[in-house]
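**Q** Sharing my_file_39.txt, compact mmCIF, N, CA and C atoms:
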# COMPACT_ATOMS: atom_id res chain seq x y z
N MET A 1 14.47 0.71 -20.19
CA MET A 1 13.58 1.30 -19.19
C MET A 1 14.30 1.35 -17.84
N ALA A 2 14.24 2.48 -17.18
CA ALA A 2 14.91 2.66 -15.90
C ALA A 2 14.17 1.88 -14.81
N GLU A 3 14.93 1.46 -13.81
CA GLU A 3 14.34 0.77 -12.67
C GLU A 3 13.45 1.74 -11.89
N ALA A 4 12.37 1.22 -11.35
CA ALA A 4 11.48 2.05 -10.53
C ALA A 4 12.21 2.46 -9.26
N LYS A 5 11.91 3.65 -8.79
CA LYS A 5 12.54 4.18 -7.57
C LYS A 5 11.51 4.26 -6.45
N ASN A 6 12.01 4.18 -5.23
CA ASN A 6 11.15 4.34 -4.06
C ASN A 6 11.19 5.79 -3.58
N VAL A 7 10.46 6.08 -2.52
CA VAL A 7 10.36 7.45 -2.01
C VAL A 7 11.68 7.96 -1.44
N LEU A 8 12.64 7.06 -1.23
CA LEU A 8 13.95 7.45 -0.72
C LEU A 8 14.95 7.70 -1.85
N GLY A 9 14.50 7.42 -3.10
CA GLY A 9 15.34 7.65 -4.26
C GLY A 9 16.20 6.47 -4.66
N THR A 10 16.04 5.34 -3.99
CA THR A 10 16.79 4.13 -4.33
C THR A 10 15.87 3.16 -5.07
N ASP A 11 16.43 2.05 -5.54
CA ASP A 11 15.63 1.08 -6.30
C ASP A 11 14.47 0.56 -5.46
N LEU A 12 13.32 0.44 -6.09
CA LEU A 12 12.12 -0.06 -5.44
C LEU A 12 12.32 -1.50 -5.01
N GLU A 13 12.04 -1.81 -3.75
CA GLU A 13 12.17 -3.16 -3.22
C GLU A 13 10.82 -3.87 -3.23
N VAL A 14 10.86 -5.18 -3.09
CA VAL A 14 9.64 -5.99 -3.03
C VAL A 14 8.84 -5.61 -1.79
N CYS A 15 7.54 -5.49 -1.94
CA CYS A 15 6.65 -5.22 -0.81
C CYS A 15 6.24 -6.54 -0.17
N CYS A 16 5.67 -7.45 -0.97
CA CYS A 16 5.21 -8.73 -0.42
C CYS A 16 4.87 -9.70 -1.54
N THR A 17 5.21 -10.96 -1.32
CA THR A 17 4.85 -12.00 -2.30
C THR A 17 3.90 -13.03 -1.70
N SER A 18 3.59 -12.91 -0.41
CA SER A 18 2.64 -13.82 0.23
C SER A 18 1.87 -13.05 1.30
N PRO A 19 0.70 -12.49 0.96
CA PRO A 19 0.03 -12.63 -0.32
C PRO A 19 0.71 -11.79 -1.40
N MET A 20 0.54 -12.21 -2.66
CA MET A 20 1.15 -11.52 -3.79
C MET A 20 0.43 -10.19 -3.99
N THR A 21 1.16 -9.11 -3.88
CA THR A 21 0.58 -7.78 -3.96
C THR A 21 1.04 -7.04 -5.20
N GLY A 22 0.61 -5.81 -5.31
CA GLY A 22 0.98 -4.94 -6.41
C GLY A 22 -0.08 -4.92 -7.48
N TYR A 23 -0.20 -3.80 -8.16
CA TYR A 23 -1.17 -3.68 -9.24
C TYR A 23 -0.96 -4.78 -10.27
N TYR A 24 0.32 -5.10 -10.51
CA TYR A 24 0.65 -6.13 -11.50
C TYR A 24 0.80 -7.52 -10.87
N ARG A 25 0.52 -7.63 -9.57
CA ARG A 25 0.64 -8.88 -8.81
C ARG A 25 2.02 -9.53 -9.03
N ASP A 26 3.03 -8.67 -8.84
CA ASP A 26 4.41 -9.14 -8.96
C ASP A 26 5.19 -8.91 -7.68
N GLY A 27 4.49 -8.48 -6.62
CA GLY A 27 5.14 -8.24 -5.34
C GLY A 27 5.64 -6.82 -5.14
N TYR A 28 5.65 -6.02 -6.21
CA TYR A 28 6.14 -4.64 -6.15
C TYR A 28 4.99 -3.64 -6.22
N CYS A 29 5.18 -2.48 -5.60
CA CYS A 29 4.20 -1.40 -5.67
C CYS A 29 4.52 -0.51 -6.87
N SER A 30 4.72 -1.13 -8.02
CA SER A 30 4.97 -0.36 -9.24
C SER A 30 3.63 0.04 -9.84
N THR A 31 3.68 0.98 -10.75
CA THR A 31 2.46 1.54 -11.30
C THR A 31 2.63 1.80 -12.79
N GLY A 32 1.52 2.01 -13.46
CA GLY A 32 1.55 2.28 -14.88
C GLY A 32 0.27 2.97 -15.31
N GLY A 33 0.09 3.12 -16.59
CA GLY A 33 -1.03 3.86 -17.15
C GLY A 33 -2.41 3.33 -16.78
N GLN A 34 -2.54 2.02 -16.58
CA GLN A 34 -3.86 1.47 -16.24
C GLN A 34 -4.16 1.52 -14.75
N ASP A 35 -3.17 1.83 -13.93
CA ASP A 35 -3.34 1.84 -12.47
C ASP A 35 -3.87 3.19 -12.02
N PHE A 36 -5.16 3.40 -12.25
CA PHE A 36 -5.77 4.69 -11.91
C PHE A 36 -5.78 4.96 -10.41
N GLY A 37 -5.73 3.92 -9.59
CA GLY A 37 -5.72 4.09 -8.14
C GLY A 37 -4.34 4.36 -7.58
N MET A 38 -3.32 4.26 -8.38
CA MET A 38 -1.93 4.42 -7.94
C MET A 38 -1.66 3.60 -6.68
N HIS A 39 -1.60 2.28 -6.85
CA HIS A 39 -1.33 1.34 -5.76
C HIS A 39 0.16 1.32 -5.46
N VAL A 40 0.65 2.36 -4.80
CA VAL A 40 2.09 2.59 -4.69
C VAL A 40 2.64 2.66 -3.27
N VAL A 41 1.77 2.60 -2.25
CA VAL A 41 2.23 2.68 -0.87
C VAL A 41 2.28 1.27 -0.28
N CYS A 42 3.48 0.81 0.04
CA CYS A 42 3.63 -0.50 0.67
C CYS A 42 3.39 -0.33 2.16
N ALA A 43 2.33 -0.95 2.64
CA ALA A 43 1.96 -0.81 4.05
C ALA A 43 1.80 -2.17 4.70
N GLN A 44 2.05 -2.21 5.99
CA GLN A 44 1.75 -3.40 6.78
C GLN A 44 0.42 -3.11 7.46
N VAL A 45 -0.64 -3.75 6.95
CA VAL A 45 -1.98 -3.38 7.38
C VAL A 45 -2.25 -3.75 8.84
N THR A 46 -3.09 -2.94 9.45
CA THR A 46 -3.51 -3.16 10.83
C THR A 46 -5.01 -3.44 10.85
N ALA A 47 -5.50 -3.98 11.97
CA ALA A 47 -6.93 -4.23 12.11
C ALA A 47 -7.71 -2.92 11.99
N GLU A 48 -7.17 -1.85 12.57
CA GLU A 48 -7.85 -0.55 12.52
C GLU A 48 -7.94 -0.03 11.09
N PHE A 49 -6.85 -0.18 10.33
CA PHE A 49 -6.89 0.26 8.94
C PHE A 49 -7.88 -0.58 8.14
N LEU A 50 -7.88 -1.88 8.33
CA LEU A 50 -8.80 -2.75 7.57
C LEU A 50 -10.25 -2.36 7.85
N GLU A 51 -10.58 -2.05 9.09
CA GLU A 51 -11.94 -1.60 9.42
C GLU A 51 -12.23 -0.25 8.77
N PHE A 52 -11.26 0.65 8.82
CA PHE A 52 -11.43 1.97 8.23
C PHE A 52 -11.70 1.88 6.73
N THR A 53 -10.86 1.13 6.02
CA THR A 53 -11.02 1.07 4.56
C THR A 53 -12.31 0.34 4.19
N LYS A 54 -12.72 -0.64 5.00
CA LYS A 54 -14.00 -1.32 4.76
C LYS A 54 -15.15 -0.33 4.92
N SER A 55 -15.04 0.56 5.91
CA SER A 55 -16.09 1.56 6.13
C SER A 55 -16.17 2.57 4.98
N ARG A 56 -15.10 2.64 4.18
CA ARG A 56 -15.06 3.55 3.03
C ARG A 56 -15.40 2.83 1.72
N GLY A 57 -15.84 1.56 1.84
CA GLY A 57 -16.29 0.81 0.67
C GLY A 57 -15.23 -0.05 0.01
N ASN A 58 -14.07 -0.21 0.63
CA ASN A 58 -13.02 -1.05 0.07
C ASN A 58 -12.66 -2.12 1.08
N ASP A 59 -13.36 -3.25 1.00
CA ASP A 59 -13.17 -4.37 1.93
C ASP A 59 -11.95 -5.18 1.52
N LEU A 60 -10.87 -5.01 2.24
CA LEU A 60 -9.64 -5.75 1.95
C LEU A 60 -9.49 -7.00 2.82
N SER A 61 -10.41 -7.22 3.75
CA SER A 61 -10.28 -8.36 4.65
C SER A 61 -11.07 -9.59 4.19
N THR A 62 -11.96 -9.42 3.25
CA THR A 62 -12.76 -10.54 2.74
C THR A 62 -12.09 -11.13 1.49
N ALA A 63 -11.96 -12.45 1.48
CA ALA A 63 -11.37 -13.13 0.32
C ALA A 63 -12.30 -13.06 -0.88
N PHE A 64 -11.71 -12.88 -2.05
CA PHE A 64 -12.43 -12.93 -3.32
C PHE A 64 -11.66 -13.89 -4.24
N PRO A 65 -11.92 -15.20 -4.08
CA PRO A 65 -11.16 -16.20 -4.85
C PRO A 65 -11.25 -15.99 -6.36
N GLU A 66 -12.37 -15.47 -6.83
CA GLU A 66 -12.52 -15.26 -8.27
C GLU A 66 -11.53 -14.23 -8.81
N TYR A 67 -10.97 -13.41 -7.92
CA TYR A 67 -9.94 -12.45 -8.31
C TYR A 67 -8.57 -12.84 -7.74
N ASN A 68 -8.47 -14.08 -7.27
CA ASN A 68 -7.24 -14.58 -6.67
C ASN A 68 -6.78 -13.68 -5.52
N PHE A 69 -7.75 -13.22 -4.73
CA PHE A 69 -7.47 -12.33 -3.60
C PHE A 69 -7.81 -13.07 -2.31
N PRO A 70 -6.82 -13.32 -1.46
CA PRO A 70 -7.04 -14.13 -0.26
C PRO A 70 -7.72 -13.40 0.90
N GLY A 71 -7.81 -12.08 0.83
CA GLY A 71 -8.27 -11.30 1.98
C GLY A 71 -7.08 -11.05 2.89
N LEU A 72 -6.98 -9.85 3.39
CA LEU A 72 -5.83 -9.47 4.22
C LEU A 72 -6.13 -9.62 5.70
N ARG A 73 -5.09 -9.88 6.44
CA ARG A 73 -5.15 -9.97 7.90
C ARG A 73 -4.14 -8.98 8.46
N PRO A 74 -4.36 -8.51 9.68
CA PRO A 74 -3.38 -7.60 10.29
C PRO A 74 -1.98 -8.22 10.22
N GLY A 75 -1.03 -7.39 9.81
CA GLY A 75 0.35 -7.85 9.67
C GLY A 75 0.74 -8.13 8.23
N ASP A 76 -0.26 -8.35 7.35
CA ASP A 76 0.05 -8.55 5.94
C ASP A 76 0.55 -7.24 5.34
N ARG A 77 1.41 -7.36 4.35
CA ARG A 77 1.85 -6.19 3.59
C ARG A 77 1.07 -6.13 2.29
N TRP A 78 0.73 -4.90 1.88
CA TRP A 78 -0.09 -4.72 0.68
C TRP A 78 0.21 -3.37 0.06
N CYS A 79 0.13 -3.31 -1.26
CA CYS A 79 0.30 -2.05 -1.98
C CYS A 79 -1.03 -1.29 -1.99
N LEU A 80 -1.09 -0.25 -1.21
CA LEU A 80 -2.31 0.54 -1.07
C LEU A 80 -2.33 1.70 -2.06
N CYS A 81 -3.53 2.15 -2.38
CA CYS A 81 -3.70 3.37 -3.17
C CYS A 81 -3.16 4.53 -2.33
N ALA A 82 -2.39 5.38 -2.95
CA ALA A 82 -1.79 6.51 -2.22
C ALA A 82 -2.87 7.39 -1.60
N ALA A 83 -3.95 7.63 -2.32
CA ALA A 83 -5.02 8.49 -1.79
C ALA A 83 -5.71 7.84 -0.60
N ARG A 84 -5.87 6.51 -0.60
CA ARG A 84 -6.50 5.84 0.55
C ARG A 84 -5.59 5.89 1.76
N TRP A 85 -4.27 5.71 1.56
CA TRP A 85 -3.36 5.81 2.69
C TRP A 85 -3.41 7.22 3.26
N GLN A 86 -3.42 8.22 2.39
CA GLN A 86 -3.47 9.62 2.83
C GLN A 86 -4.76 9.88 3.61
N GLU A 87 -5.88 9.38 3.10
CA GLU A 87 -7.16 9.54 3.78
C GLU A 87 -7.12 8.87 5.16
N ALA A 88 -6.56 7.68 5.23
CA ALA A 88 -6.45 6.97 6.51
C ALA A 88 -5.55 7.73 7.47
N MET A 89 -4.47 8.29 6.97
CA MET A 89 -3.56 9.06 7.82
C MET A 89 -4.27 10.27 8.41
N GLU A 90 -5.01 10.97 7.57
CA GLU A 90 -5.73 12.15 8.04
C GLU A 90 -6.81 11.79 9.06
N ALA A 91 -7.36 10.58 8.97
CA ALA A 91 -8.39 10.13 9.91
C ALA A 91 -7.81 9.43 11.13
N GLY A 92 -6.49 9.24 11.16
CA GLY A 92 -5.85 8.61 12.31
C GLY A 92 -5.77 7.09 12.23
N TYR A 93 -5.85 6.51 11.03
CA TYR A 93 -5.83 5.06 10.88
C TYR A 93 -4.74 4.56 9.93
N ALA A 94 -3.75 5.37 9.65
CA ALA A 94 -2.72 4.97 8.69
C ALA A 94 -1.91 3.79 9.21
N PRO A 95 -1.74 2.78 8.36
CA PRO A 95 -0.87 1.66 8.75
C PRO A 95 0.59 2.03 8.50
N PRO A 96 1.52 1.31 9.13
CA PRO A 96 2.94 1.56 8.91
C PRO A 96 3.32 1.36 7.44
N VAL A 97 4.29 2.15 6.99
CA VAL A 97 4.73 2.16 5.60
C VAL A 97 6.15 1.60 5.49
N VAL A 98 6.37 0.76 4.48
CA VAL A 98 7.70 0.26 4.17
C VAL A 98 8.26 1.19 3.10
N LEU A 99 9.08 2.13 3.53
CA LEU A 99 9.57 3.19 2.63
C LEU A 99 10.34 2.64 1.44
N GLU A 100 11.16 1.63 1.66
CA GLU A 100 11.99 1.07 0.59
C GLU A 100 11.16 0.41 -0.51
N ALA A 101 9.93 0.02 -0.18
CA ALA A 101 9.04 -0.65 -1.13
C ALA A 101 7.88 0.24 -1.58
N THR A 102 7.90 1.52 -1.19
CA THR A 102 6.87 2.47 -1.60
C THR A 102 7.37 3.27 -2.79
N HIS A 103 6.63 3.18 -3.88
CA HIS A 103 7.02 3.81 -5.15
C HIS A 103 7.10 5.33 -5.00
N ALA A 104 8.04 5.94 -5.71
CA ALA A 104 8.25 7.39 -5.66
C ALA A 104 7.00 8.17 -6.06
N ARG A 105 6.12 7.59 -6.87
CA ARG A 105 4.91 8.32 -7.26
C ARG A 105 3.98 8.57 -6.09
N ALA A 106 4.17 7.90 -4.98
CA ALA A 106 3.37 8.17 -3.77
C ALA A 106 3.53 9.63 -3.36
N LEU A 107 4.67 10.21 -3.69
CA LEU A 107 4.94 11.60 -3.31
C LEU A 107 4.07 12.60 -4.06
N GLU A 108 3.34 12.14 -5.07
CA GLU A 108 2.39 13.00 -5.76
C GLU A 108 1.14 13.23 -4.90
N VAL A 109 0.93 12.36 -3.91
CA VAL A 109 -0.26 12.42 -3.06
C VAL A 109 0.11 12.61 -1.59
N CYS A 110 1.18 11.97 -1.17
CA CYS A 110 1.59 11.95 0.24
C CYS A 110 2.92 12.68 0.39
N SER A 111 3.12 13.31 1.53
CA SER A 111 4.41 13.96 1.76
C SER A 111 5.40 12.94 2.32
N LEU A 112 6.67 13.12 1.97
CA LEU A 112 7.70 12.25 2.50
C LEU A 112 7.76 12.35 4.02
N GLU A 113 7.53 13.54 4.53
CA GLU A 113 7.51 13.73 5.99
C GLU A 113 6.46 12.85 6.64
N ASP A 114 5.24 12.82 6.08
CA ASP A 114 4.19 11.97 6.66
C ASP A 114 4.53 10.50 6.51
N LEU A 115 5.03 10.11 5.35
CA LEU A 115 5.38 8.69 5.15
C LEU A 115 6.45 8.27 6.15
N LYS A 116 7.43 9.14 6.38
CA LYS A 116 8.48 8.82 7.34
C LYS A 116 7.95 8.72 8.76
N LYS A 117 6.94 9.51 9.11
CA LYS A 117 6.34 9.43 10.45
C LYS A 117 5.75 8.05 10.71
N TYR A 118 5.28 7.42 9.64
CA TYR A 118 4.62 6.12 9.75
C TYR A 118 5.51 4.98 9.23
N ALA A 119 6.81 5.24 9.12
CA ALA A 119 7.73 4.23 8.61
C ALA A 119 7.70 2.98 9.48
N PHE A 120 7.63 1.83 8.82
CA PHE A 120 7.65 0.55 9.52
C PHE A 120 9.03 0.32 10.10
N SER A 121 9.05 -0.12 11.33
CA SER A 121 10.33 -0.53 11.92
C SER A 121 10.10 -1.86 12.63
N ALA A 122 10.94 -2.81 12.33
CA ALA A 122 10.79 -4.14 12.92
C ALA A 122 11.08 -4.06 14.42
N PRO A 123 10.33 -4.82 15.21
CA PRO A 123 10.55 -4.80 16.67
C PRO A 123 11.88 -5.39 17.06
Represent the structure from my file as structure tokens, please.
**A**
Amino acid sequence: MAEAKNVLGTDLEVCCTSPMTGYYRDGYCSTGGQDFGMHVVCAQVTAEFLEFTKSRGNDLSTAFPEYNFPGLRPGDRWCLCAARWQEAMEAGYAPPVVLEATHARALEVCSLEDLKKYAFSAP
């Protein structure tokens, strides 16, 4: 099996292991047949994005221990659904994206140009 690629065409890098993210909870924004939401965009979430996604019915800031989900805080990295990131971008709430850790399948929903506009850069 070939290694997963990111939107830049290189090997997919780890998004985050604390909290442990990814559809498979392995730290990577990899995807497969059961991942209907395509959790492939590695983003560093912001307070504005967390409020936005909560207003759309997906509360990522509240912990759900029964699902081993700690709840996200601004600054955490998380593998987001490509469609939710796109929706947030169109509404003006897109969080920064870690291109090296964003799976190439994100390009089925998001343009590389838009992802690059929101590329995370360390201060």
**Q** Check the smallest atom-to-atom distance from each of A:Ala101, A:Leu50, A:Ala94, A:Leu8 to A:Tyr28 using only C-alpha atoms, then report the winner.
**A**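 Smallest distance to A:Tyr28 is found for A:Ala101.
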**Q** Hey, what's within 8 Å of stretch 33-44 of chain A if we count only N, CA and C atoms and toss same-chain stuff fewer than 4 positions away? As JSON, numbers by chain, please?
**A** {"A": [14, 15, 16, 22, 23, 28, 29, 73, 74, 75, 76, 77, 78, 79, 80, 81, 82, 83, 84, 85, 94, 95, 96, 97, 98, 99, 100, 101, 102, 103, 104, 105, 106, 107, 120]}
**Q** When you count only C-alpha atoms, which of these residues is closest to A:Leu72: A:Ser18, A:Ser30, A:Met89, A:Asp11?
**A**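 Distance minimum relative to A:Leu72 lands on A:Ser18.
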**Q** Work out how far atom CA of A:Ala47 is from atom CA of A:Gln86, in Å to one decimal.
**A**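 Computed distance, atom CA of A:Gln86 to atom CA of A:Ala47, equals 17.0 Å.
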**Q** As number ranges by chain, please: the residues near stretch 61-70 of chain A (cut-off 8 Å, all atoms listed in the file, same-chain neighbours under 5 positions excluded).
**A** A: 19-20, 50-51, 53-54
**Q** Save stretch 50-70 of chain A to disk from that block, N, CA, C and O atoms included, as a CSV table (one decimal), in the first residue's frame.
**A**
chain,number,residue,atom,x,y,z
A,50,LEU,N,-14.3,27.4,16.6
A,50,LEU,CA,-15.0,26.5,17.5
A,50,LEU,C,-16.5,27.0,17.7
A,50,LEU,O,-17.4,26.2,17.8
A,51,GLU,N,-16.6,28.3,17.8
A,51,GLU,CA,-18.0,28.8,18.0
A,51,GLU,C,-18.8,28.6,16.7
A,51,GLU,O,-20.0,28.3,16.7
A,52,PHE,N,-18.2,28.8,15.5
A,52,PHE,CA,-18.9,28.6,14.3
A,52,PHE,C,-19.3,27.2,14.1
A,52,PHE,O,-20.5,26.9,13.8
A,53,THR,N,-18.4,26.2,14.3
A,53,THR,CA,-18.8,24.8,14.1
A,53,THR,C,-19.9,24.4,15.2
A,53,THR,O,-20.8,23.6,14.8
A,54,LYS,N,-19.8,24.9,16.4
A,54,LYS,CA,-20.8,24.6,17.4
A,54,LYS,C,-22.2,25.1,16.9
A,54,LYS,O,-23.2,24.5,17.1
A,55,SER,N,-22.2,26.3,16.3
A,55,SER,CA,-23.4,26.9,15.8
A,55,SER,C,-24.0,26.1,14.6
A,55,SER,O,-25.2,26.2,14.3
A,56,ARG,N,-23.2,25.2,14.0
A,56,ARG,CA,-23.6,24.4,12.9
A,56,ARG,C,-23.9,23.0,13.4
A,56,ARG,O,-24.1,22.1,12.6
A,57,GLY,N,-23.9,22.8,14.7
A,57,GLY,CA,-24.3,21.5,15.3
A,57,GLY,C,-23.2,20.5,15.6
A,57,GLY,O,-23.4,19.4,15.9
A,58,ASN,N,-21.9,21.0,15.5
A,58,ASN,CA,-20.8,20.1,15.7
A,58,ASN,C,-19.9,20.8,16.8
A,58,ASN,O,-19.0,21.5,16.5
A,59,ASP,N,-20.2,20.4,18.1
A,59,ASP,CA,-19.6,21.0,19.2
A,59,ASP,C,-18.2,20.3,19.5
A,59,ASP,O,-18.2,19.2,20.0
A,60,LEU,N,-17.2,20.9,19.1
A,60,LEU,CA,-15.8,20.4,19.3
A,60,LEU,C,-15.1,20.9,20.5
A,60,LEU,O,-14.1,20.4,20.9
A,61,SER,N,-15.8,21.8,21.3
A,61,SER,CA,-15.1,22.3,22.5
A,61,SER,C,-15.6,21.6,23.8
A,61,SER,O,-14.9,21.8,24.8
A,62,THR,N,-16.6,20.8,23.7
A,62,THR,CA,-17.1,20.1,24.9
A,62,THR,C,-16.5,18.7,24.9
A,62,THR,O,-16.5,18.0,23.9
A,63,ALA,N,-16.0,18.3,26.1
A,63,ALA,CA,-15.4,17.0,26.2
A,63,ALA,C,-16.5,15.9,26.2
A,63,ALA,O,-17.6,16.1,26.7
A,64,PHE,N,-16.2,14.8,25.6
A,64,PHE,CA,-17.1,13.6,25.6
A,64,PHE,C,-16.2,12.4,26.0
A,64,PHE,O,-15.7,11.7,25.1
A,65,PRO,N,-16.0,12.2,27.3
A,65,PRO,CA,-15.1,11.2,27.8
A,65,PRO,C,-15.5,9.8,27.3
A,65,PRO,O,-14.7,8.9,27.0
A,66,GLU,N,-16.8,9.6,27.1
A,66,GLU,CA,-17.3,8.2,26.6
A,66,GLU,C,-16.8,7.9,25.2
A,66,GLU,O,-16.7,6.8,24.8
A,67,TYR,N,-16.3,9.0,24.5
A,67,TYR,CA,-15.8,8.7,23.2
A,67,TYR,C,-14.3,9.1,23.2
A,67,TYR,O,-13.7,9.2,22.1
A,68,ASN,N,-13.7,9.2,24.4
A,68,ASN,CA,-12.3,9.5,24.5
A,68,ASN,C,-11.9,10.8,23.8
A,68,ASN,O,-10.9,10.9,23.2
A,69,PHE,N,-12.9,11.8,23.9
A,69,PHE,CA,-12.7,13.1,23.2
A,69,PHE,C,-12.5,14.1,24.3
A,69,PHE,O,-13.5,14.4,25.1
A,70,PRO,N,-11.4,14.8,24.4
A,70,PRO,CA,-11.1,15.8,25.5
A,70,PRO,C,-11.8,17.1,25.3
A,70,PRO,O,-11.8,17.9,26.3
